[in-house]
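> Input structure-v1.csv, format and content: CSV, C-alpha atoms and all ligand atoms.
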chain,number,residue,atom,x,y,z
A,1,MET,CA,-37.2,-90.6,-3.4
A,2,PRO,CA,-37.2,-92.6,-6.6
A,3,CYS,CA,-38.3,-96.2,-6.3
A,4,PRO,CA,-35.3,-98.5,-5.6
A,5,THR,CA,-34.9,-101.7,-7.7
A,6,LEU,CA,-33.1,-103.5,-4.8
A,7,ALA,CA,-33.5,-103.1,-1.0
A,8,ARG,CA,-30.0,-103.1,0.4
A,9,THR,CA,-30.9,-101.0,3.5
A,10,ALA,CA,-33.9,-100.7,5.8
A,11,VAL,CA,-34.8,-97.3,4.3
A,12,ALA,CA,-34.7,-98.7,0.7
A,13,ALA,CA,-36.8,-101.7,1.9
A,14,LEU,CA,-39.4,-99.3,3.2
A,15,ALA,CA,-39.3,-97.2,0.0
A,16,LEU,CA,-39.6,-100.4,-2.1
A,17,LEU,CA,-42.6,-101.4,0.0
A,18,ALA,CA,-44.2,-98.0,-0.5
A,19,CYS,CA,-43.5,-98.1,-4.2
A,20,SER,CA,-45.0,-101.6,-4.6
A,21,ALA,CA,-48.1,-100.3,-2.8
A,22,GLN,CA,-48.4,-97.5,-5.3
A,23,ALA,CA,-51.2,-97.8,-7.9
A,24,GLN,CA,-50.0,-99.0,-11.3
A,25,THR,CA,-51.0,-97.0,-14.3
A,26,VAL,CA,-52.0,-99.1,-17.3
A,27,LEU,CA,-51.4,-97.4,-20.6
A,28,LYS,CA,-53.6,-98.4,-23.6
A,29,ILE,CA,-51.4,-98.4,-26.7
A,30,GLY,CA,-53.0,-99.2,-30.1
A,31,TYR,CA,-52.0,-99.6,-33.7
A,32,THR,CA,-53.5,-101.0,-36.9
A,33,PRO,CA,-50.9,-103.7,-38.0
A,34,ALA,CA,-50.9,-107.1,-36.5
A,35,LYS,CA,-49.1,-108.6,-33.5
A,36,ASP,CA,-45.5,-109.5,-34.6
A,37,SER,CA,-45.5,-106.6,-37.1
A,38,HIS,CA,-42.9,-103.7,-37.0
A,39,TYR,CA,-45.4,-101.6,-35.0
A,40,TRP,CA,-45.7,-104.4,-32.4
A,41,VAL,CA,-41.9,-104.6,-32.1
A,42,GLY,CA,-41.8,-100.8,-31.6
A,43,ALA,CA,-44.7,-100.9,-29.0
A,44,THR,CA,-43.2,-103.8,-27.2
A,45,ALA,CA,-39.8,-102.1,-26.9
A,46,PHE,CA,-41.4,-98.9,-25.7
A,47,CYS,CA,-43.5,-100.6,-23.1
A,48,ALA,CA,-40.6,-102.8,-21.8
A,49,GLU,CA,-38.4,-99.6,-21.3
A,50,VAL,CA,-41.2,-97.7,-19.6
A,51,GLU,CA,-42.1,-100.6,-17.3
A,52,LYS,CA,-38.4,-101.2,-16.3
A,53,ASN,CA,-37.4,-97.6,-15.8
A,54,THR,CA,-40.5,-96.6,-13.8
A,55,GLN,CA,-40.1,-99.7,-11.6
A,56,ASN,CA,-43.5,-101.0,-12.9
A,57,ARG,CA,-45.4,-97.9,-11.9
A,58,PHE,CA,-46.5,-97.9,-15.6
A,59,LYS,CA,-47.3,-100.9,-17.7
A,60,CYS,CA,-48.9,-101.2,-21.1
A,61,GLN,CA,-51.8,-103.0,-22.6
A,62,GLN,CA,-51.3,-103.4,-26.3
A,63,PHE,CA,-54.1,-103.3,-28.9
A,64,PRO,CA,-52.8,-104.5,-32.3
A,65,SER,CA,-54.7,-105.3,-35.4
A,66,SER,CA,-57.0,-102.2,-35.4
A,67,ALA,CA,-58.6,-103.4,-32.2
A,68,LEU,CA,-59.2,-99.8,-31.3
A,69,GLY,CA,-60.2,-98.7,-34.8
A,70,GLY,CA,-58.4,-97.2,-37.8
A,71,GLU,CA,-55.6,-94.7,-37.5
A,72,ARG,CA,-57.8,-91.6,-37.7
A,73,GLU,CA,-60.1,-92.9,-35.0
A,74,GLN,CA,-57.2,-93.8,-32.7
A,75,ILE,CA,-55.5,-90.4,-33.1
A,76,GLU,CA,-58.9,-88.7,-32.2
A,77,ALA,CA,-59.1,-91.0,-29.1
A,78,VAL,CA,-55.5,-90.0,-28.1
A,79,GLN,CA,-56.4,-86.3,-28.6
A,80,LEU,CA,-59.5,-86.8,-26.4
A,81,GLY,CA,-57.5,-88.8,-23.8
A,82,THR,CA,-59.7,-91.9,-24.1
A,83,GLN,CA,-56.7,-93.8,-25.5
A,84,ASP,CA,-53.2,-93.3,-24.0
A,85,ALA,CA,-51.0,-93.9,-27.0
A,86,VAL,CA,-50.9,-94.8,-30.7
A,87,ILE,CA,-48.3,-95.7,-33.2
A,88,THR,CA,-49.6,-94.4,-36.5
A,89,SER,CA,-48.4,-93.7,-40.0
A,90,THR,CA,-48.6,-90.1,-41.1
A,91,GLY,CA,-51.6,-91.1,-43.4
A,92,PRO,CA,-54.3,-89.2,-41.5
A,93,VAL,CA,-51.9,-87.0,-39.3
A,94,GLY,CA,-52.0,-84.0,-41.7
A,95,ASN,CA,-55.7,-83.6,-40.9
A,96,PHE,CA,-54.6,-82.9,-37.3
A,97,VAL,CA,-51.3,-81.2,-37.8
A,98,PRO,CA,-51.2,-79.7,-41.3
A,99,GLU,CA,-47.4,-78.9,-41.1
A,100,VAL,CA,-46.7,-82.7,-41.4
A,101,LYS,CA,-48.3,-83.0,-44.9
A,102,ILE,CA,-45.1,-82.1,-46.7
A,103,VAL,CA,-43.4,-85.4,-45.6
A,104,ASP,CA,-46.0,-87.4,-47.5
A,105,ILE,CA,-44.8,-86.2,-50.9
A,106,PRO,CA,-44.0,-89.2,-53.2
A,107,PHE,CA,-40.3,-89.7,-54.1
A,108,LEU,CA,-39.3,-87.0,-51.6
A,109,PHE,CA,-36.8,-89.3,-49.8
A,110,ARG,CA,-34.0,-91.1,-51.7
A,111,ASP,CA,-33.6,-94.0,-49.3
A,112,TYR,CA,-34.0,-95.0,-45.6
A,113,ALA,CA,-30.7,-93.3,-44.6
A,114,HIS,CA,-32.0,-90.0,-46.1
A,115,ALA,CA,-35.4,-90.3,-44.4
A,116,ARG,CA,-34.0,-91.2,-41.0
A,117,THR,CA,-31.5,-88.4,-41.1
A,118,VAL,CA,-34.3,-85.9,-41.9
A,119,PHE,CA,-36.6,-87.1,-39.1
A,120,ASP,CA,-33.8,-87.3,-36.5
A,121,GLY,CA,-32.5,-83.9,-37.5
A,122,PRO,CA,-33.7,-80.3,-37.1
A,123,ILE,CA,-36.6,-80.6,-39.7
A,124,GLY,CA,-38.1,-83.7,-38.1
A,125,GLN,CA,-37.6,-82.5,-34.6
A,126,ASP,CA,-39.1,-79.1,-35.4
A,127,LEU,CA,-42.2,-80.9,-36.8
A,128,LEU,CA,-42.7,-82.7,-33.4
A,129,THR,CA,-43.2,-79.3,-31.7
A,130,LYS,CA,-46.3,-78.7,-33.8
A,131,PHE,CA,-48.3,-81.4,-32.0
A,132,PRO,CA,-48.8,-80.0,-28.5
A,133,PRO,CA,-51.0,-77.1,-29.7
A,134,LYS,CA,-53.2,-79.7,-31.3
A,135,GLY,CA,-53.6,-81.6,-28.0
A,136,LEU,CA,-51.1,-84.4,-28.9
A,137,VAL,CA,-47.7,-85.2,-27.7
A,138,ALA,CA,-45.4,-86.6,-30.3
A,139,LEU,CA,-42.7,-88.7,-28.5
A,140,ALA,CA,-40.8,-89.6,-31.6
A,141,TRP,CA,-40.8,-90.2,-35.3
A,142,THR,CA,-40.8,-93.9,-36.0
A,143,GLU,CA,-41.2,-95.8,-39.3
A,144,ASN,CA,-43.6,-97.7,-41.5
A,145,GLY,CA,-41.3,-97.9,-44.5
A,146,PHE,CA,-41.2,-97.4,-48.3
A,147,ARG,CA,-44.5,-98.2,-49.9
A,148,HIS,CA,-44.9,-100.6,-52.8
A,149,ILE,CA,-48.0,-101.4,-55.0
A,150,THR,CA,-49.8,-104.7,-55.0
A,151,ASN,CA,-52.8,-105.6,-57.2
A,152,SER,CA,-54.8,-108.5,-58.5
A,153,ARG,CA,-54.8,-107.5,-62.2
A,154,ARG,CA,-51.3,-107.1,-63.8
A,155,PRO,CA,-47.6,-106.6,-63.2
A,156,ILE,CA,-46.7,-102.9,-62.9
A,157,HIS,CA,-43.4,-101.7,-64.4
A,158,LYS,CA,-44.2,-98.1,-65.3
A,159,PRO,CA,-46.9,-95.5,-64.5
A,160,GLU,CA,-49.0,-96.4,-67.5
A,161,ASP,CA,-49.5,-99.9,-66.0
A,162,THR,CA,-51.4,-98.4,-63.1
A,163,ARG,CA,-53.9,-96.7,-65.5
A,164,GLY,CA,-57.5,-97.3,-64.4
A,165,LEU,CA,-56.5,-99.5,-61.5
A,166,LYS,CA,-58.6,-98.9,-58.4
A,167,VAL,CA,-56.0,-98.7,-55.7
A,168,ARG,CA,-56.8,-98.3,-52.0
A,169,THR,CA,-54.9,-95.5,-50.5
A,170,MET,CA,-54.7,-93.9,-47.1
A,171,GLU,CA,-57.0,-91.0,-46.4
A,172,ASN,CA,-54.2,-88.7,-47.5
A,173,LYS,CA,-54.7,-86.0,-50.1
A,174,VAL,CA,-50.9,-85.5,-50.8
A,175,HIS,CA,-50.6,-89.2,-51.7
A,176,MET,CA,-53.8,-89.2,-53.8
A,177,GLU,CA,-52.8,-86.2,-55.8
A,178,GLY,CA,-49.5,-87.9,-56.7
A,179,TYR,CA,-51.0,-91.3,-57.5
A,180,ARG,CA,-53.6,-89.7,-59.8
A,181,SER,CA,-50.7,-88.4,-61.9
A,182,PHE,CA,-49.4,-92.0,-62.2
A,183,GLY,CA,-52.8,-92.8,-63.8
A,184,MET,CA,-54.3,-94.7,-60.8
A,185,LEU,CA,-57.8,-94.3,-59.4
A,186,PRO,CA,-57.0,-93.7,-55.7
A,187,THR,CA,-59.7,-95.0,-53.4
A,188,PRO,CA,-59.2,-93.8,-49.8
A,189,MET,CA,-60.2,-96.3,-47.2
A,190,ALA,CA,-59.4,-96.9,-43.5
A,191,PHE,CA,-57.0,-99.8,-43.1
A,192,PRO,CA,-59.4,-102.2,-41.1
A,193,GLU,CA,-61.5,-102.4,-44.3
A,194,VAL,CA,-58.7,-103.2,-46.7
A,195,PHE,CA,-58.3,-107.0,-46.6
A,196,THR,CA,-62.0,-107.5,-47.2
A,197,ALA,CA,-62.1,-104.9,-50.0
A,198,LEU,CA,-59.2,-106.7,-51.7
A,199,GLN,CA,-60.8,-110.1,-51.2
A,200,GLN,CA,-64.1,-109.0,-52.6
A,201,GLY,CA,-62.6,-107.0,-55.5
A,202,THR,CA,-64.0,-103.7,-54.4
A,203,VAL,CA,-60.5,-102.4,-55.1
A,204,ASP,CA,-57.9,-103.9,-57.4
A,205,GLY,CA,-54.9,-103.1,-55.3
A,206,GLN,CA,-53.3,-101.3,-52.4
A,207,GLU,CA,-49.9,-99.8,-51.5
A,208,ASN,CA,-48.0,-100.4,-48.4
A,209,PRO,CA,-44.5,-101.2,-47.1
A,210,ILE,CA,-43.3,-104.8,-47.1
A,211,PRO,CA,-43.7,-105.2,-43.3
A,212,VAL,CA,-47.4,-104.4,-43.7
A,213,ILE,CA,-47.9,-106.6,-46.8
A,214,THR,CA,-46.4,-109.6,-45.0
A,215,SER,CA,-48.0,-109.1,-41.6
A,216,SER,CA,-51.4,-108.4,-43.1
A,217,LYS,CA,-51.3,-111.6,-45.3
A,218,PHE,CA,-52.0,-109.7,-48.5
A,219,ALA,CA,-50.5,-112.5,-50.5
A,220,GLN,CA,-53.7,-114.4,-49.9
A,221,VAL,CA,-55.7,-111.8,-51.9
A,222,GLN,CA,-53.1,-110.1,-54.2
A,223,LYS,CA,-51.2,-111.6,-57.1
A,224,HIS,CA,-48.7,-108.9,-58.1
A,225,LEU,CA,-46.2,-106.9,-56.1
A,226,SER,CA,-44.2,-104.1,-57.7
A,227,LEU,CA,-41.3,-102.7,-55.8
A,228,THR,CA,-42.2,-99.1,-56.7
A,229,GLY,CA,-40.9,-97.6,-53.4
A,230,HIS,CA,-43.0,-94.6,-54.5
A,231,VAL,CA,-43.3,-92.9,-51.2
A,232,TYR,CA,-41.6,-93.2,-47.8
A,233,SER,CA,-44.2,-93.7,-45.0
A,234,PRO,CA,-43.1,-92.2,-41.7
A,235,ALA,CA,-44.8,-93.1,-38.5
A,236,LEU,CA,-45.2,-91.5,-35.1
A,237,LEU,CA,-45.4,-92.5,-31.5
A,238,LEU,CA,-48.1,-90.3,-30.1
A,239,LEU,CA,-49.1,-89.9,-26.4
A,240,SER,CA,-52.2,-88.3,-25.0
A,241,ASN,CA,-51.7,-85.0,-23.3
A,242,ALA,CA,-53.8,-86.4,-20.4
A,243,VAL,CA,-51.0,-88.8,-19.6
A,244,TRP,CA,-48.1,-86.4,-20.4
A,245,SER,CA,-49.4,-83.6,-18.3
A,246,LYS,CA,-49.5,-85.8,-15.2
A,247,LEU,CA,-45.9,-87.1,-15.6
A,248,SER,CA,-43.1,-85.9,-13.4
A,249,GLU,CA,-40.0,-84.5,-15.2
A,250,ALA,CA,-38.1,-87.7,-14.4
A,251,ASP,CA,-40.9,-89.9,-15.9
A,252,ARG,CA,-41.1,-87.7,-19.0
A,253,LYS,CA,-37.4,-88.4,-19.5
A,254,VAL,CA,-38.1,-92.1,-19.1
A,255,PHE,CA,-40.9,-92.0,-21.8
A,256,LEU,CA,-38.7,-90.0,-24.2
A,257,GLU,CA,-35.8,-92.4,-23.8
A,258,ALA,CA,-38.1,-95.4,-24.2
A,259,ALA,CA,-39.4,-93.8,-27.4
A,260,LYS,CA,-35.8,-93.7,-28.8
A,261,VAL,CA,-35.3,-97.4,-28.0
A,262,SER,CA,-38.7,-98.2,-29.6
A,263,VAL,CA,-37.7,-96.3,-32.8
A,264,ALA,CA,-34.4,-98.2,-33.1
A,265,ALA,CA,-36.2,-101.5,-32.7
A,266,GLN,CA,-39.0,-100.7,-35.1
A,267,ARG,CA,-36.5,-99.5,-37.8
A,268,ARG,CA,-34.5,-102.7,-37.3
A,269,LYS,CA,-37.7,-104.7,-37.9
A,270,VAL,CA,-38.4,-102.7,-41.1
A,271,ASP,CA,-34.9,-103.4,-42.3
A,272,GLU,CA,-35.3,-107.1,-41.6
A,273,ASP,CA,-38.7,-107.3,-43.3
A,274,ASP,CA,-37.5,-105.4,-46.3
A,275,ALA,CA,-34.6,-107.8,-46.6
A,276,ASN,CA,-36.5,-111.0,-46.1
A,277,GLY,CA,-40.2,-110.2,-46.9
A,278,VAL,CA,-40.1,-110.2,-50.7
A,279,ALA,CA,-38.8,-113.7,-50.9
A,280,LEU,CA,-41.4,-114.8,-48.4
A,281,LEU,CA,-44.2,-113.2,-50.5
A,282,GLU,CA,-42.9,-115.0,-53.6
A,283,LYS,CA,-43.0,-118.2,-51.7
A,284,GLU,CA,-46.6,-117.4,-50.9
A,285,GLY,CA,-47.4,-117.1,-54.6
A,286,MET,CA,-46.9,-113.4,-55.4
A,287,GLN,CA,-45.3,-112.4,-58.7
A,288,VAL,CA,-42.8,-109.7,-58.0
A,289,VAL,CA,-41.6,-106.9,-60.3
A,290,ARG,CA,-38.2,-105.7,-59.2
A,291,ASN,CA,-37.2,-103.7,-62.3
A,292,VAL,CA,-39.7,-100.9,-61.9
A,293,ASP,CA,-39.0,-97.8,-64.0
A,294,LYS,CA,-38.7,-95.3,-61.1
A,295,THR,CA,-37.6,-92.5,-63.4
A,296,ALA,CA,-40.8,-92.8,-65.4
A,297,PHE,CA,-42.8,-92.6,-62.1
A,298,GLN,CA,-40.9,-89.5,-61.1
A,299,GLU,CA,-41.4,-87.9,-64.5
A,300,ALA,CA,-45.2,-88.6,-64.2
A,301,LEU,CA,-45.2,-86.8,-60.9
A,302,LYS,CA,-44.1,-83.4,-62.4
A,303,PRO,CA,-47.6,-81.8,-62.5
A,304,ALA,CA,-48.2,-83.0,-58.9
A,305,TYR,CA,-44.9,-81.5,-57.8
A,306,ALA,CA,-45.9,-78.2,-59.3
A,307,ALA,CA,-49.0,-78.3,-57.0
A,308,TYR,CA,-46.9,-79.4,-54.0
A,309,ALA,CA,-44.5,-76.5,-54.6
A,310,LYS,CA,-47.5,-74.1,-54.5
A,311,GLU,CA,-48.9,-75.7,-51.3
A,312,PHE,CA,-45.7,-76.3,-49.3
A,313,GLY,CA,-43.2,-74.0,-50.9
A,314,ALA,CA,-40.5,-75.2,-53.4
A,315,ASP,CA,-37.8,-74.0,-50.8
A,316,ASN,CA,-39.2,-76.2,-48.1
A,317,ILE,CA,-39.3,-79.3,-50.4
A,318,LYS,CA,-35.7,-78.6,-51.5
A,319,LYS,CA,-34.6,-78.2,-47.9
A,320,ILE,CA,-35.7,-81.8,-47.3
A,321,GLN,CA,-34.3,-83.1,-50.6
A,322,ASP,CA,-30.9,-81.4,-49.8
A,323,VAL,CA,-30.4,-83.2,-46.5
A,324,ARG,CA,-27.4,-85.5,-46.8
A,401,LIG,O1,-51.9,-98.2,-45.2
A,401,LIG,C1,-52.1,-97.8,-44.1
A,401,LIG,O2,-53.2,-97.3,-43.7
A,401,LIG,C2,-50.9,-97.8,-43.1
A,401,LIG,O3,-49.7,-97.9,-43.8
A,401,LIG,C3,-51.0,-98.8,-42.0
A,401,LIG,C4,-51.0,-100.2,-42.5
A,401,LIG,C5,-52.2,-98.5,-41.2
A,401,LIG,C6,-49.8,-98.7,-41.1
A,401,LIG,O4,-49.6,-97.4,-40.5
Re-express the file's structure as structure tokens.


Amino acid sequence: MPCPTLARTAVAALALLACSAQAQTVLKIGYTPAKDSHYWVGATAFCAEVEKNTQNRFKCQQFPSSALGGEREQIEAVQLGTQDAVITSTGPVGNFVPEVKIVDIPFLFRDYAHARTVFDGPIGQDLLTKFPPKGLVALAWTENGFRHITNSRRPIHKPEDTRGLKVRTMENKVHMEGYRSFGMLPTPMAFPEVFTALQQGTVDGQENPIPVITSSKFAQVQKHLSLTGHVYSPALLLLSNAVWSKLSEADRKVFLEAAKVSVAAQRRKVDEDDANGVALLEKEGMQVVRNVDKTAFQEALKPAYAAYAKEFGADNIKKIQDVR
């Protein structure tokens, strides 16, 4: 019998008593961005839904701000079952599930509507099925956002302006290949090290979506922001197989529904931060370039696209580009 929320009869009262005596499972969910970020909003929505719809048999303990390590470490922990869940960008995911790498191609997605349609549709949903054989359960595609470049040296309008800049990137070969063709010197680094590296000048810049730039306080250590939107950064809500394999069918449904609510909340927060964050960063002293020559960035990517076509298949890239 499912746990009742209200005891209107003696039987329900007994069931409620039995349920409240049941052990509560605490799920450890981690992510690298700070409390109050878009990832925190997504995690909070997921946890609230799971708690409510399992009558508190499950609750979450959240670990924001890289408290459990960088994204690669957290995915490994989820794979091992020493961490229950993670919200992660796709940055390191291709090292676990190679089929995912294609979605990290720069300028692959036109806008948020295009990206969300692809991930909610057959292409995105099929990619989720590639995770279980790797010991991971992908509950849903969620969102980090379109990435923009910040740096401490100069305003960036066109690819040549990035020439020779040491820019921290994710540990992601698809990104690095593209950024090299802009002229940058990509420097892969785990996110927990980024603020200090920017502060100490180990790197000149970094690239991330507005919600990350605001919640990580990068305005304190970076002067210039260019709205390059050079790549869409998807994210995933991953659960350990150790948790999933013990869930009843009914609880699995609850987790999957909770993931949907979480995705909607996280995307809303990305939209809000994109709408309000740039003005906030200007107030905090950043100089913002809005008139970026995106066509020139796309032109510069041509050699990288030839390599992507070889690696992923021109047809597969086109399939994603053609989604309306
Ligand atoms: O730059 C990154 O590593 C990612 O965008 C971040 C900030 C960890 C969010 O997934």

> Looking at A:Ser245, A:Thr129, A:Gln62, A:Thr142, which one is nearest to A:Ala48, with distances taken over only C-alpha atoms?

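Nearest candidate to A:Ala48 out of A:Ser245, A:Thr129, A:Gln62, A:Thr142: A:Gln62.
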
> When you look at A:Asn95 with a cut-off of 9 Å (counting all atoms listed in the file), what residues show up, excluding the ones that are within fewer than 4 positions of it in the same chain? I need them as a PDB file with C-alpha atoms, in the frame of the given file.


ATOM      1  CA  ARG A  72     -57.800 -91.600 -37.700  1.00  0.00           C
ATOM      2  CA  GLY A  91     -51.600 -91.100 -43.400  1.00  0.00           C
ATOM      3  CA  LYS A 101     -48.300 -83.000 -44.900  1.00  0.00           C
ATOM      4  CA  ASN A 172     -54.200 -88.700 -47.500  1.00  0.00           C
TER       5      ASN A 172
END

> Using atom CA of A:His175 and atom CA of A:Val231 as the two end points, give the distance in Å to one decimal.

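Separating atom CA of A:His175 from atom CA of A:Val231 is a distance of 8.2 Å.
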
> Nearest to A:Pro209: which of A:Arg116, A:Lys158, A:His148, A:Arg180 is it, counting only C-alpha atoms?

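When distances to A:Pro209 are compared using only C-alpha atoms, the smallest one comes from A:His148.
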
> Would you kindly return, as a list in words, each protein, DNA or RNA residue with an atom no farther than 12 Å from any atom of A:Gly121, considering all atoms listed in the file and excluding same-chain residues fewer than 6 positions away?

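So the residues in contact are Ala113, His114, Ala115, Leu127, Leu128, Ala140, Trp141, Ile320, Val323 and Arg324 of chain A.
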
> Could you check the closest approach to A:Asn144 for each of A:Val118, A:Val289, A:Ala275, A:Ile87 and tell me which residue wins, using only C-alpha atoms?

A:Ile87

> Can you work out which residues are within 8 Å of ligand LIG 401 (chain A), considering all atoms listed in the file, and then hand them over as a count of residues only?

24

> Calculated over all atoms listed in the file, which of the candidates A:Pro98, A:Pro188, A:Pro159, A:Gly81 has the smallest distance to A:Val137?

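The answer is A:Gly81, which sits nearest to A:Val137.
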
> Go ahead and compute the interatomic distance for atom CA of A:Gly124 and atom CA of A:Val100, in Å to one decimal.

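Going from atom CA of A:Gly124 over to atom CA of A:Val100 covers 9.3 Å.
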
> Can you tell me how far atom CA of A:Leu139 sits from atom CA of A:Phe58, in Å to one decimal?

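Going from atom CA of A:Leu139 over to atom CA of A:Phe58, I get 16.3 Å.
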
> List as a PyMOL selection string the residues having at least one atom at most 9 Å from position (-48.7, -108.4, -52.4) as given in the file, counting all atoms listed in the file.

chain A and resi 148-152+205-208+210+213-214+217-226+278+281-282+286-288

> How big is the axis-aligned box, and where does its centre sit, when it encloses all atoms of stretch 172-181 of chain A listed in the file and has 4 Å added on every side, reported in Å to one decimal as lines of an AutoDock Vina configuration file?


center_x = -52.1
center_y = -88.4
center_z = -54.7
size_x = 13.2
size_y = 13.8
size_z = 22.4

> Nearest to A:Pro192 among A:Ser248, A:Thr162, A:Ser65, A:Thr82, with distances taken over all atoms listed in the file: which residue is it?

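Looking at the shortest contact to A:Pro192, the residue is A:Ser65.
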
> I'd like the contact shell of A:Asp251 - 12 Å cut-off, only C-alpha atoms, skipping same-chain residues fewer than 6 positions apart - returned as a PDB file with C-alpha atoms, in the coordinates of the input.


ATOM      1  CA  PRO A   2     -37.200 -92.600  -6.600  1.00  0.00           C
ATOM      2  CA  CYS A   3     -38.300 -96.200  -6.300  1.00  0.00           C
ATOM      3  CA  GLU A  49     -38.400 -99.600 -21.300  1.00  0.00           C
ATOM      4  CA  VAL A  50     -41.200 -97.700 -19.600  1.00  0.00           C
ATOM      5  CA  GLU A  51     -42.100-100.600 -17.300  1.00  0.00           C
ATOM      6  CA  LYS A  52     -38.400-101.200 -16.300  1.00  0.00           C
ATOM      7  CA  ASN A  53     -37.400 -97.600 -15.800  1.00  0.00           C
ATOM      8  CA  THR A  54     -40.500 -96.600 -13.800  1.00  0.00           C
ATOM      9  CA  GLN A  55     -40.100 -99.700 -11.600  1.00  0.00           C
ATOM     10  CA  ASN A  56     -43.500-101.000 -12.900  1.00  0.00           C
ATOM     11  CA  ARG A  57     -45.400 -97.900 -11.900  1.00  0.00           C
ATOM     12  CA  PHE A  58     -46.500 -97.900 -15.600  1.00  0.00           C
ATOM     13  CA  VAL A 243     -51.000 -88.800 -19.600  1.00  0.00           C
ATOM     14  CA  TRP A 244     -48.100 -86.400 -20.400  1.00  0.00           C
ATOM     15  CA  SER A 245     -49.400 -83.600 -18.300  1.00  0.00           C
ATOM     16  CA  GLU A 257     -35.800 -92.400 -23.800  1.00  0.00           C
ATOM     17  CA  ALA A 258     -38.100 -95.400 -24.200  1.00  0.00           C
TER      18      ALA A 258
END

> So which one's closest to A:Gly135, A:Lys166, A:Gln61, A:Phe119, A:Ala242? Using all atoms listed in the file, please.

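Of A:Lys166, A:Gln61, A:Phe119, A:Ala242, the one nearest A:Gly135, counting all atoms listed in the file, is A:Ala242.
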
> Please identify every residue of stretch 17-118 of chain A that has at least one atom no farther than 8 Å from an atom of stretch 293-314 of chain A, counting all atoms listed in the file, and for each give the shortest atom pair and the distance in Å to one decimal, arranged by chain then increasing number, as a tab-separated table.


residue	atom	partner	partner_atom	distance
A:Ile102	CA	A:Phe312	CA	6.4
A:Ile105	CA	A:Tyr308	CA	7.8
A:Phe107	CA	A:Gln298	CA	7.0

> Which residues, written as an MDAnalysis selection string, have at least one atom at most 10 Å from A:Gln266, with only C-alpha atoms counted and residues fewer than 4 positions away on the same chain left out?

chainID A and resid 37:46 142:144 260:262 270:272

> Since the input lacks atoms, please generate N, CA, C and O atoms for stretch 206-216 of chain A and provide them as a PDB file, keeping the file's coordinate frame.


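Writing the result to part.pdb gives the following:
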ATOM      1  N   GLN A 206     -53.626-102.140 -53.529  1.00  0.00           N
ATOM      2  CA  GLN A 206     -53.300-101.300 -52.400  1.00  0.00           C
ATOM      3  C   GLN A 206     -51.851-100.989 -52.432  1.00  0.00           C
ATOM      4  O   GLN A 206     -51.128-101.608 -53.223  1.00  0.00           O
ATOM      5  N   GLU A 207     -51.369-100.080 -51.604  1.00  0.00           N
ATOM      6  CA  GLU A 207     -49.900 -99.800 -51.500  1.00  0.00           C
ATOM      7  C   GLU A 207     -49.509 -99.689 -50.095  1.00  0.00           C
ATOM      8  O   GLU A 207     -50.202 -99.024 -49.328  1.00  0.00           O
ATOM      9  N   ASN A 208     -48.454-100.399 -49.739  1.00  0.00           N
ATOM     10  CA  ASN A 208     -48.000-100.400 -48.400  1.00  0.00           C
ATOM     11  C   ASN A 208     -46.542-100.907 -48.306  1.00  0.00           C
ATOM     12  O   ASN A 208     -46.081-101.543 -49.251  1.00  0.00           O
ATOM     13  N   PRO A 209     -45.849-100.650 -47.196  1.00  0.00           N
ATOM     14  CA  PRO A 209     -44.500-101.200 -47.100  1.00  0.00           C
ATOM     15  C   PRO A 209     -44.512-102.727 -46.904  1.00  0.00           C
ATOM     16  O   PRO A 209     -45.529-103.296 -46.491  1.00  0.00           O
ATOM     17  N   ILE A 210     -43.378-103.352 -47.186  1.00  0.00           N
ATOM     18  CA  ILE A 210     -43.300-104.800 -47.100  1.00  0.00           C
ATOM     19  C   ILE A 210     -43.697-105.338 -45.704  1.00  0.00           C
ATOM     20  O   ILE A 210     -44.438-106.326 -45.634  1.00  0.00           O
ATOM     21  N   PRO A 211     -43.297-104.689 -44.590  1.00  0.00           N
ATOM     22  CA  PRO A 211     -43.700-105.200 -43.300  1.00  0.00           C
ATOM     23  C   PRO A 211     -45.246-105.273 -43.131  1.00  0.00           C
ATOM     24  O   PRO A 211     -45.768-106.147 -42.430  1.00  0.00           O
ATOM     25  N   VAL A 212     -45.951-104.362 -43.787  1.00  0.00           N
ATOM     26  CA  VAL A 212     -47.400-104.400 -43.700  1.00  0.00           C
ATOM     27  C   VAL A 212     -47.974-105.470 -44.638  1.00  0.00           C
ATOM     28  O   VAL A 212     -48.884-106.218 -44.275  1.00  0.00           O
ATOM     29  N   ILE A 213     -47.380-105.583 -45.831  1.00  0.00           N
ATOM     30  CA  ILE A 213     -47.900-106.600 -46.800  1.00  0.00           C
ATOM     31  C   ILE A 213     -47.722-107.988 -46.234  1.00  0.00           C
ATOM     32  O   ILE A 213     -48.625-108.816 -46.343  1.00  0.00           O
ATOM     33  N   THR A 214     -46.583-108.241 -45.574  1.00  0.00           N
ATOM     34  CA  THR A 214     -46.400-109.600 -45.000  1.00  0.00           C
ATOM     35  C   THR A 214     -47.279-109.799 -43.779  1.00  0.00           C
ATOM     36  O   THR A 214     -48.010-110.778 -43.711  1.00  0.00           O
ATOM     37  N   SER A 215     -47.271-108.844 -42.845  1.00  0.00           N
ATOM     38  CA  SER A 215     -48.000-109.100 -41.600  1.00  0.00           C
ATOM     39  C   SER A 215     -49.517-109.048 -41.790  1.00  0.00           C
ATOM     40  O   SER A 215     -50.265-109.582 -40.973  1.00  0.00           O
ATOM     41  N   SER A 216     -49.983-108.446 -42.889  1.00  0.00           N
ATOM     42  CA  SER A 216     -51.400-108.400 -43.100  1.00  0.00           C
ATOM     43  C   SER A 216     -51.884-109.537 -44.054  1.00  0.00           C
ATOM     44  O   SER A 216     -53.052-109.584 -44.437  1.00  0.00           O
TER      45      SER A 216
END
